[in-house]
Amino acid sequence: MKTLACLALLAVGLSTAQDPPPPAERRPEHEWLRQLVGDWRVSSEATMEPGGEPMRSEGSEQVRSFGDLWVVCEGTADFGGDPFRSMMTLGYDPDREAFVGTWIDTMQTHLWTYVGSLDEARRVLTLEAEGPSFGDPTKTALYRDVITIEGPDHKVLTSSIRGEDGAWTTFLRADHRRDR
């Protein structure tokens, strides 16, 4: 038993003797994310079923830097009397040449994993994720969240789902205005 413990310590010692990888370099895509940092007032409208009555909500979002490579977005709102909280992480992975991130909220148990890209004008970040279908939670569907920079103090988030016919249907629009 002592021999096994010594071998384990030796293996740990050898693995720690190697130099750690260098920190990731900040890229222009990481800099792009920094414009999202701040405190935002949010007005949103969601239609959860075709022809359904839209649900309106007011809320807020606080976006903070998490080091030089990530932003963390925490949102709060009230949907029809139900308090709602959300958290989004966003970064850029140069190995994948893609924006990456996650989304969680207090109304569902699914951990959403984003992969996305910027348009050529560097104004629109399109993020896609797979998750439970609205119509049948035993099936999955493709979702798209699009963040459009309208100006330094205004951004818009739209959320859409891809139908079986391949067409995208937008079910949420959230206007964010920077608090002063």
# chains A, B, ... in the order shown; residues from 1 in each chain; ligands from 1

$ residues_around --residues "Thr76 in chain A" --least-positions-apart "6" --cutoff "12 Å" --atoms "only C-alpha atoms" --output "ChimeraX atom specification"
/A:39-44,57-63,82-88,105-107

$ write_last_selection --atoms "C-alpha atoms" --output "PDB file, in the first residue's frame"
ATOM      1  CA  ASP A  39     -26.461  48.154 -15.895  1.00  0.00           C
ATOM      2  CA  TRP A  40     -29.433  47.921 -18.241  1.00  0.00           C
ATOM      3  CA  ARG A  41     -33.214  48.488 -17.998  1.00  0.00           C
ATOM      4  CA  VAL A  42     -35.052  45.824 -19.961  1.00  0.00           C
ATOM      5  CA  SER A  43     -38.505  45.946 -21.579  1.00  0.00           C
ATOM      6  CA  SER A  44     -39.536  42.672 -23.154  1.00  0.00           C
ATOM      7  CA  SER A  57     -42.303  42.520 -18.636  1.00  0.00           C
ATOM      8  CA  GLU A  58     -39.944  45.093 -17.192  1.00  0.00           C
ATOM      9  CA  GLY A  59     -36.676  44.116 -15.603  1.00  0.00           C
ATOM     10  CA  SER A  60     -32.987  44.781 -15.331  1.00  0.00           C
ATOM     11  CA  GLU A  61     -29.711  43.233 -16.356  1.00  0.00           C
ATOM     12  CA  GLN A  62     -26.311  43.683 -14.796  1.00  0.00           C
ATOM     13  CA  VAL A  63     -23.401  42.691 -17.038  1.00  0.00           C
ATOM     14  CA  ASP A  82     -43.758  35.186 -11.374  1.00  0.00           C
ATOM     15  CA  PRO A  83     -40.284  36.446 -10.446  1.00  0.00           C
ATOM     16  CA  PHE A  84     -37.698  35.506 -13.045  1.00  0.00           C
ATOM     17  CA  ARG A  85     -33.918  35.463 -12.827  1.00  0.00           C
ATOM     18  CA  SER A  86     -31.409  34.524 -15.490  1.00  0.00           C
ATOM     19  CA  MET A  87     -27.670  34.203 -15.907  1.00  0.00           C
ATOM     20  CA  MET A  88     -25.773  34.198 -19.183  1.00  0.00           C
ATOM     21  CA  ASP A 105     -32.879  30.729 -15.502  1.00  0.00           C
ATOM     22  CA  THR A 106     -35.288  30.134 -12.654  1.00  0.00           C
ATOM     23  CA  MET A 107     -38.133  28.765 -14.810  1.00  0.00           C
TER      24      MET A 107
END

$ atom_distance --atom1 "CA of Leu142 in chain A" --atom2 "CA of Ile161 in chain A"
6.0 Å

$ atom_distance --atom1 "CA of Phe134 in chain A" --atom2 "CA of Pro50 in chain A"
11.4 Å

$ atom_distance --atom1 "CA of Val72 in chain A" --atom2 "CA of Asp19 in chain A"
29.4 Å

$ select_by_dssp --residues "range 107-142 of chain A" --states "strand (DSSP E)" --output "ChimeraX atom specification"
/A:112-118,124-132,140-142

$ write_last_selection --atoms "C-alpha atoms" --output "CSV table (one decimal), in the first residue's frame"
chain,number,residue,atom,x,y,z
A,112,TRP,CA,-28.3,26.0,-22.5
A,113,THR,CA,-24.9,26.0,-24.3
A,114,TYR,CA,-24.3,28.6,-26.9
A,115,VAL,CA,-22.1,28.7,-30.0
A,116,GLY,CA,-22.2,31.8,-32.2
A,117,SER,CA,-20.6,34.4,-34.4
A,118,LEU,CA,-20.5,38.1,-35.2
A,124,VAL,CA,-25.0,41.4,-34.4
A,125,LEU,CA,-24.0,38.5,-32.3
A,126,THR,CA,-25.9,35.3,-33.2
A,127,LEU,CA,-25.9,32.5,-30.7
A,128,GLU,CA,-27.4,29.1,-31.2
A,129,ALA,CA,-28.3,26.4,-28.8
A,130,GLU,CA,-30.3,23.1,-28.7
A,131,GLY,CA,-32.9,22.5,-26.1
A,132,PRO,CA,-36.3,21.1,-25.2
A,140,THR,CA,-35.3,19.0,-29.0
A,141,ALA,CA,-35.3,22.1,-31.1
A,142,LEU,CA,-32.7,24.6,-32.3

$ select_by_dssp --residues "range 24-170 of chain A" --states "helix (DSSP H, G or I)" --output "MDAnalysis selection string"
chainID A and resid 28:34

$ closest_residue --among "A:Asp68, A:Asp153, A:Asp175, A:Asp136" --to "Leu36 in chain A" --atoms "only C-alpha atoms"
A:Asp153

$ closest_residue --among "A:Trp70, A:Trp168, A:Phe79, A:Tyr92" --to "Pro54 in chain A" --atoms "only C-alpha atoms"
A:Phe79

$ residues_around --residues "Thr89 in chain A" --least-positions-apart "3" --cutoff "6 Å" --atoms "only C-alpha atoms" --output "list in words"
Val71, Val72, Gly101 and Thr102 of chain A

$ write_last_selection --atoms "N, CA and C atoms" --output "tab-separated table (two decimals), in the first residue's frame"
chain	number	residue	atom	x	y	z
A	71	VAL	N	-17.84	37.72	-20.01
A	71	VAL	CA	-18.81	38.58	-19.34
A	71	VAL	C	-19.89	37.67	-18.73
A	72	VAL	N	-20.44	38.14	-17.62
A	72	VAL	CA	-21.53	37.44	-16.94
A	72	VAL	C	-22.70	38.40	-16.88
A	101	GLY	N	-20.98	30.25	-24.78
A	101	GLY	CA	-21.61	30.72	-23.56
A	101	GLY	C	-22.64	29.74	-23.03
A	102	THR	N	-23.28	30.18	-21.96
A	102	THR	CA	-24.32	29.37	-21.33
A	102	THR	C	-25.46	30.28	-20.90
